[in-house]
Amino acid sequence: MSADNQPTTRADWQALAASLVEQGLETRAYVDDAFVDAADGATLTTINPATGETLAEVASCDAADAEAAVAAARRAFDAGEWSRLAPAGRKAVLLRLAELMEAHRHELALLDTLDMGKPVSSSLGDMAGAIGCLRHHAESIDKLYGEVAPTGNDALGLVLREPLGVVASIVPWNFPLMMTAWKIAPALAAGNSVILKPSEKSPLSALRLASLAREAGLPRGVFQVLPGFGHTVGKALALSMDVDCLAFTGSTGVGKQLMQYAGQSNLKKVFLECGGKSPNLVFADCKDLDRVAEHAAGAIFHNQGEVCIAGSRLLVENSIREAFVDKVLAAAERMQPGDPLDPDSFMGAMVDQAQHERVLDYIRRGVEEGATLRAGGEAAAIEGKGLFIPPTVFDGVTEAMAIGREEIFGPVLSVFGFDSEDEAVRLANDSDYGLAAGLWSQDIDRIMRVTRKLRSGQVFVNNWADMDQTVPFGGVKQSGNGRDKSHHSLEEYSDLKSVWMTLAT
Ligand code: NAD
């Protein structure tokens, strides 16, 4: 333990994990200010993928639970205790929640690590992101003004920004609490009632967050958490006639379903952050290829490759490709998986058996389709246990191959070669996705030319995924619509009301 009694070593984290499990984890849904079992008593099992041990049986909600939560959320919204509270009042409560999260950050980080296998140091980084996001939106909400339209003197045109009503946030498992914060912080700050549906693979931190939200003073029904499967409680929320907005982060396939559900029900607003197959373009004029290679490897192997913006397609100018790939292989060698409770581990376990199998299946297809396997490719275990896959690198990948086109969501890098700038841009844009792109070059003219041509929601120039709360995050094409983070995310959770007042002159 550190001087202030915080976990720092693997043994510290193991001890904290044992004591958390011994104390008992929160496993019930949080509905209308009460922790409750699912209405039909159903549960789902969460497993620690690094050990195979069962962590908990968690409430598995369904349509009846969704109905109860939506009704409570609507009651809360209409009552106005939150939705009509002055922004400074909402700010105070959200800042209190941020403080509580800060005080419990080790516990929250550990829950994510145990639930989905990521290294605990990475989970701690997520907590900083989640808390920063909450503080940002809390701090900004009482500093935003409406508009007075430039009408003639005989009228007053006011443009008011108002909350939408009931927001259902459906989130994935790869950054459980951070994705949650990106969704709920602006939605709550704007005055909405929020129902959170965490992934069935990582519900534990969301349930702990519910008790912190209650302690912070969020009024009854304003924030609720429904653990359960997508095809049950997720679908019920998406089809509800009384949910005003679906805020989703997850796969493109499910995003498409949600748009259909909105069309089949009440045309609710659907805000989607979906998948990616992000290109990372390396031009021969780069100055420090060792540094670029380190970042190119980190871009795909961070978080076991379970990252929407993973730099999974590495596009390298052919004149440097051979030497550059060698450098990437050397960097990958230093990024091997380890025990997620060891703060020095770079990669952890894959989230579950299905994802482990899926990634290994893509690796088999890559070999069959003729790509050259340069590193990794086999399942691994740590101390004989767990669902691990080491950094895997394929060279000589083409657009025709599944590993060159499809989102694998695992530690698998596909390297392509190119001979010209035009070819690099064509390859980069030849994708259904458009979430992120990287560009490494010293030539400012080329940087601006290529940046403008890339069809991508975000472009990282001479870095990978350097970002903070002030810059919007999101994609184009089948990577989704709308933006998380920054002031712009408030636009997803509010609507404009135009007020026209005729004045006596
Ligand atoms: P997923 O689409 O399988 O599940 C996401 C959430 O949707 C889960 O809570 C799930 O239970 C729910 N869901 C599934 N089917 C549903 C249905 N029919 N109706 C309602 N809800 C349903 O995705 P995942 O496997 O949890 O996460 C991985 C995906 O998320 C990847 O594609 C990744 O790229 C994407 N992702 C995107 C971003 C981003 O910001 N663009 C960030 C993180 C992850």
# chains A, B, ... in the order shown; residues from 1 in each chain; ligands from 1
$ residues_near_ligand --ligand "ligand 1" --cutoff "7 Å" --atoms "only C-alpha atoms and all ligand atoms" --output "ChimeraX atom specification"
/A:170-175,179,197-200,228-231,234-235,238,249-255,257-258,273-276,307-309,407,409,435,474-475,479-480
$ residues_around --residues "Arg84 in chain A" --least-positions-apart "4" --cutoff "10 Å" --atoms "only C-alpha atoms" --output "list in words"
Phe77, Asp78, Ala79, Gly80, Gly89, Arg90, Glu162, Pro163, Ala190, Gly191 and Asn192 of chain A
$ residues_around --residues "range 54-68 of chain A" --least-positions-apart "2" --cutoff "9 Å" --atoms "only C-alpha atoms" --output "PyMOL selection string"
chain A and resi 21+24-29+31-32+36-48+51-52+70-73+114-115+195+200+203-204+226-229+231-237+240
$ residues_around --residues "Arg105 in chain A" --least-positions-apart "6" --cutoff "12 Å" --atoms "only C-alpha atoms" --output "ChimeraX atom specification"
/A:6-7,97-99,111-112,120-121,123-131,177-178,205,208-209,212
$ residues_around --residues "Phe324 in chain A" --least-positions-apart "3" --cutoff "12 Å" --atoms "only C-alpha atoms" --output "VMD selection string"
chain A and resid 282 to 284 286 288 to 294 296 to 297 314 to 321 327 to 331 395 415 to 417
$ residues_around --residues "Ala168 in chain A" --least-positions-apart "2" --cutoff "6 Å" --atoms "only C-alpha atoms" --output "number ranges by chain"
A: 194-196, 246
$ select_by_dssp --residues "range 334-364 of chain A" --states "helix (DSSP H, G or I)" --output "VMD selection string"
chain A and resid 353 to 364
$ closest_residue --among "A:Leu272, A:Val159, A:Ile382, A:Ala371" --to "Gly482 in chain A" --atoms "only C-alpha atoms"
A:Leu272
$ decode --residues "range 257-273 of chain A" --atoms "all heavy atoms" --output "PDB file, in the first residue's frame"
ATOM      1  N   GLN A 257     -30.208  -1.993 -35.412  1.00  0.00           N
ATOM      2  CA  GLN A 257     -31.462  -2.490 -34.818  1.00  0.00           C
ATOM      3  C   GLN A 257     -32.160  -1.389 -34.039  1.00  0.00           C
ATOM      4  O   GLN A 257     -33.383  -1.250 -34.104  1.00  0.00           O
ATOM      5  CB  GLN A 257     -31.166  -3.650 -33.871  1.00  0.00           C
ATOM      6  CG  GLN A 257     -30.960  -4.979 -34.568  1.00  0.00           C
ATOM      7  CD  GLN A 257     -30.707  -6.064 -33.539  1.00  0.00           C
ATOM      8  OE1 GLN A 257     -29.774  -5.966 -32.745  1.00  0.00           O
ATOM      9  NE2 GLN A 257     -31.526  -7.092 -33.544  1.00  0.00           N
ATOM     10  N   LEU A 258     -31.374  -0.597 -33.302  1.00  0.00           N
ATOM     11  CA  LEU A 258     -31.992   0.450 -32.477  1.00  0.00           C
ATOM     12  C   LEU A 258     -32.726   1.474 -33.341  1.00  0.00           C
ATOM     13  O   LEU A 258     -33.795   1.964 -32.969  1.00  0.00           O
ATOM     14  CB  LEU A 258     -30.940   1.140 -31.605  1.00  0.00           C
ATOM     15  CG  LEU A 258     -30.233   0.266 -30.573  1.00  0.00           C
ATOM     16  CD1 LEU A 258     -29.407   1.123 -29.620  1.00  0.00           C
ATOM     17  CD2 LEU A 258     -31.197  -0.589 -29.763  1.00  0.00           C
ATOM     18  N   MET A 259     -32.149   1.771 -34.508  1.00  0.00           N
ATOM     19  CA  MET A 259     -32.847   2.717 -35.394  1.00  0.00           C
ATOM     20  C   MET A 259     -34.179   2.123 -35.847  1.00  0.00           C
ATOM     21  O   MET A 259     -35.180   2.835 -35.979  1.00  0.00           O
ATOM     22  CB  MET A 259     -31.973   3.040 -36.594  1.00  0.00           C
ATOM     23  CG  MET A 259     -30.854   3.998 -36.237  1.00  0.00           C
ATOM     24  SD  MET A 259     -30.092   4.642 -37.729  1.00  0.00           S
ATOM     25  CE  MET A 259     -29.653   6.280 -37.177  1.00  0.00           C
ATOM     26  N   GLN A 260     -34.180   0.811 -36.087  1.00  0.00           N
ATOM     27  CA  GLN A 260     -35.442   0.174 -36.481  1.00  0.00           C
ATOM     28  C   GLN A 260     -36.458   0.220 -35.342  1.00  0.00           C
ATOM     29  O   GLN A 260     -37.631   0.503 -35.560  1.00  0.00           O
ATOM     30  CB  GLN A 260     -35.186  -1.277 -36.889  1.00  0.00           C
ATOM     31  CG  GLN A 260     -34.445  -1.360 -38.211  1.00  0.00           C
ATOM     32  CD  GLN A 260     -34.160  -2.788 -38.627  1.00  0.00           C
ATOM     33  OE1 GLN A 260     -34.401  -3.725 -37.885  1.00  0.00           O
ATOM     34  NE2 GLN A 260     -33.624  -2.935 -39.827  1.00  0.00           N
ATOM     35  N   TYR A 261     -35.985  -0.053 -34.123  1.00  0.00           N
ATOM     36  CA  TYR A 261     -36.906  -0.015 -32.980  1.00  0.00           C
ATOM     37  C   TYR A 261     -37.509   1.390 -32.826  1.00  0.00           C
ATOM     38  O   TYR A 261     -38.684   1.534 -32.499  1.00  0.00           O
ATOM     39  CB  TYR A 261     -36.193  -0.377 -31.670  1.00  0.00           C
ATOM     40  CG  TYR A 261     -35.625  -1.783 -31.593  1.00  0.00           C
ATOM     41  CD1 TYR A 261     -34.536  -2.057 -30.786  1.00  0.00           C
ATOM     42  CD2 TYR A 261     -36.195  -2.834 -32.299  1.00  0.00           C
ATOM     43  CE1 TYR A 261     -33.999  -3.338 -30.682  1.00  0.00           C
ATOM     44  CE2 TYR A 261     -35.670  -4.119 -32.208  1.00  0.00           C
ATOM     45  CZ  TYR A 261     -34.579  -4.363 -31.403  1.00  0.00           C
ATOM     46  OH  TYR A 261     -34.056  -5.613 -31.306  1.00  0.00           O
ATOM     47  N   ALA A 262     -36.692   2.400 -33.045  1.00  0.00           N
ATOM     48  CA  ALA A 262     -37.209   3.776 -32.936  1.00  0.00           C
ATOM     49  C   ALA A 262     -38.296   3.996 -33.979  1.00  0.00           C
ATOM     50  O   ALA A 262     -39.343   4.590 -33.696  1.00  0.00           O
ATOM     51  CB  ALA A 262     -36.082   4.783 -33.111  1.00  0.00           C
ATOM     52  N   GLY A 263     -38.054   3.478 -35.185  1.00  0.00           N
ATOM     53  CA  GLY A 263     -39.048   3.618 -36.258  1.00  0.00           C
ATOM     54  C   GLY A 263     -40.316   2.842 -35.953  1.00  0.00           C
ATOM     55  O   GLY A 263     -41.423   3.270 -36.290  1.00  0.00           O
ATOM     56  N   GLN A 264     -40.157   1.703 -35.291  1.00  0.00           N
ATOM     57  CA  GLN A 264     -41.340   0.874 -34.968  1.00  0.00           C
ATOM     58  C   GLN A 264     -42.119   1.441 -33.787  1.00  0.00           C
ATOM     59  O   GLN A 264     -43.241   1.024 -33.533  1.00  0.00           O
ATOM     60  CB  GLN A 264     -40.903  -0.546 -34.593  1.00  0.00           C
ATOM     61  CG  GLN A 264     -40.448  -1.386 -35.760  1.00  0.00           C
ATOM     62  CD  GLN A 264     -39.646  -2.590 -35.284  1.00  0.00           C
ATOM     63  OE1 GLN A 264     -39.818  -3.052 -34.159  1.00  0.00           O
ATOM     64  NE2 GLN A 264     -38.767  -3.077 -36.127  1.00  0.00           N
ATOM     65  N   SER A 265     -41.497   2.347 -33.017  1.00  0.00           N
ATOM     66  CA  SER A 265     -42.191   2.850 -31.824  1.00  0.00           C
ATOM     67  C   SER A 265     -42.505   4.342 -31.977  1.00  0.00           C
ATOM     68  O   SER A 265     -43.358   4.698 -32.783  1.00  0.00           O
ATOM     69  CB  SER A 265     -41.383   2.546 -30.566  1.00  0.00           C
ATOM     70  OG  SER A 265     -40.050   3.012 -30.692  1.00  0.00           O
ATOM     71  N   ASN A 266     -41.783   5.191 -31.270  1.00  0.00           N
ATOM     72  CA  ASN A 266     -42.207   6.594 -31.195  1.00  0.00           C
ATOM     73  C   ASN A 266     -41.236   7.566 -31.869  1.00  0.00           C
ATOM     74  O   ASN A 266     -41.214   8.732 -31.517  1.00  0.00           O
ATOM     75  CB  ASN A 266     -42.368   6.989 -29.715  1.00  0.00           C
ATOM     76  CG  ASN A 266     -41.059   6.834 -28.953  1.00  0.00           C
ATOM     77  OD1 ASN A 266     -40.128   6.196 -29.425  1.00  0.00           O
ATOM     78  ND2 ASN A 266     -40.981   7.424 -27.776  1.00  0.00           N
ATOM     79  N   LEU A 267     -40.412   7.059 -32.809  1.00  0.00           N
ATOM     80  CA  LEU A 267     -39.422   7.927 -33.489  1.00  0.00           C
ATOM     81  C   LEU A 267     -38.535   8.655 -32.491  1.00  0.00           C
ATOM     82  O   LEU A 267     -38.208   9.821 -32.662  1.00  0.00           O
ATOM     83  CB  LEU A 267     -40.116   8.958 -34.384  1.00  0.00           C
ATOM     84  CG  LEU A 267     -40.386   8.562 -35.821  1.00  0.00           C
ATOM     85  CD1 LEU A 267     -40.819   9.785 -36.618  1.00  0.00           C
ATOM     86  CD2 LEU A 267     -39.167   7.938 -36.497  1.00  0.00           C
ATOM     87  N   LYS A 268     -38.184   7.955 -31.424  1.00  0.00           N
ATOM     88  CA  LYS A 268     -37.286   8.568 -30.437  1.00  0.00           C
ATOM     89  C   LYS A 268     -35.967   8.925 -31.109  1.00  0.00           C
ATOM     90  O   LYS A 268     -35.577   8.325 -32.125  1.00  0.00           O
ATOM     91  CB  LYS A 268     -37.070   7.621 -29.249  1.00  0.00           C
ATOM     92  CG  LYS A 268     -36.571   6.242 -29.649  1.00  0.00           C
ATOM     93  CD  LYS A 268     -36.388   5.326 -28.454  1.00  0.00           C
ATOM     94  CE  LYS A 268     -37.644   4.882 -27.746  1.00  0.00           C
ATOM     95  NZ  LYS A 268     -38.551   4.024 -28.557  1.00  0.00           N
ATOM     96  N   LYS A 269     -35.294   9.884 -30.533  1.00  0.00           N
ATOM     97  CA  LYS A 269     -33.988  10.285 -31.047  1.00  0.00           C
ATOM     98  C   LYS A 269     -32.983   9.151 -30.811  1.00  0.00           C
ATOM     99  O   LYS A 269     -32.958   8.570 -29.715  1.00  0.00           O
ATOM    100  CB  LYS A 269     -33.552  11.539 -30.288  1.00  0.00           C
ATOM    101  CG  LYS A 269     -32.317  12.185 -30.811  1.00  0.00           C
ATOM    102  CD  LYS A 269     -32.123  13.521 -30.094  1.00  0.00           C
ATOM    103  CE  LYS A 269     -30.862  14.196 -30.599  1.00  0.00           C
ATOM    104  NZ  LYS A 269     -30.649  15.495 -30.008  1.00  0.00           N
ATOM    105  N   VAL A 270     -32.172   8.814 -31.779  1.00  0.00           N
ATOM    106  CA  VAL A 270     -31.208   7.719 -31.627  1.00  0.00           C
ATOM    107  C   VAL A 270     -29.801   8.266 -31.882  1.00  0.00           C
ATOM    108  O   VAL A 270     -29.489   8.710 -32.985  1.00  0.00           O
ATOM    109  CB  VAL A 270     -31.500   6.560 -32.607  1.00  0.00           C
ATOM    110  CG1 VAL A 270     -30.515   5.418 -32.382  1.00  0.00           C
ATOM    111  CG2 VAL A 270     -32.928   6.066 -32.440  1.00  0.00           C
ATOM    112  N   PHE A 271     -29.010   8.260 -30.849  1.00  0.00           N
ATOM    113  CA  PHE A 271     -27.633   8.776 -30.921  1.00  0.00           C
ATOM    114  C   PHE A 271     -26.692   7.581 -30.807  1.00  0.00           C
ATOM    115  O   PHE A 271     -26.704   6.862 -29.811  1.00  0.00           O
ATOM    116  CB  PHE A 271     -27.455   9.789 -29.776  1.00  0.00           C
ATOM    117  CG  PHE A 271     -26.042  10.089 -29.369  1.00  0.00           C
ATOM    118  CD1 PHE A 271     -24.995  10.108 -30.285  1.00  0.00           C
ATOM    119  CD2 PHE A 271     -25.743  10.386 -28.038  1.00  0.00           C
ATOM    120  CE1 PHE A 271     -23.697  10.383 -29.886  1.00  0.00           C
ATOM    121  CE2 PHE A 271     -24.455  10.668 -27.634  1.00  0.00           C
ATOM    122  CZ  PHE A 271     -23.423  10.656 -28.569  1.00  0.00           C
ATOM    123  N   LEU A 272     -25.888   7.352 -31.840  1.00  0.00           N
ATOM    124  CA  LEU A 272     -25.114   6.110 -31.937  1.00  0.00           C
ATOM    125  C   LEU A 272     -23.608   6.354 -31.978  1.00  0.00           C
ATOM    126  O   LEU A 272     -23.121   7.165 -32.774  1.00  0.00           O
ATOM    127  CB  LEU A 272     -25.490   5.365 -33.228  1.00  0.00           C
ATOM    128  CG  LEU A 272     -26.956   4.983 -33.417  1.00  0.00           C
ATOM    129  CD1 LEU A 272     -27.152   4.378 -34.799  1.00  0.00           C
ATOM    130  CD2 LEU A 272     -27.415   4.009 -32.346  1.00  0.00           C
ATOM    131  N   GLU A 273     -22.887   5.636 -31.136  1.00  0.00           N
ATOM    132  CA  GLU A 273     -21.421   5.537 -31.225  1.00  0.00           C
ATOM    133  C   GLU A 273     -21.127   4.069 -31.493  1.00  0.00           C
ATOM    134  O   GLU A 273     -21.310   3.236 -30.608  1.00  0.00           O
ATOM    135  CB  GLU A 273     -20.766   5.947 -29.897  1.00  0.00           C
ATOM    136  CG  GLU A 273     -20.898   7.399 -29.525  1.00  0.00           C
ATOM    137  CD  GLU A 273     -19.948   8.306 -30.271  1.00  0.00           C
ATOM    138  OE1 GLU A 273     -19.261   7.852 -31.206  1.00  0.00           O
ATOM    139  OE2 GLU A 273     -19.898   9.493 -29.915  1.00  0.00           O
TER     140      GLU A 273
END
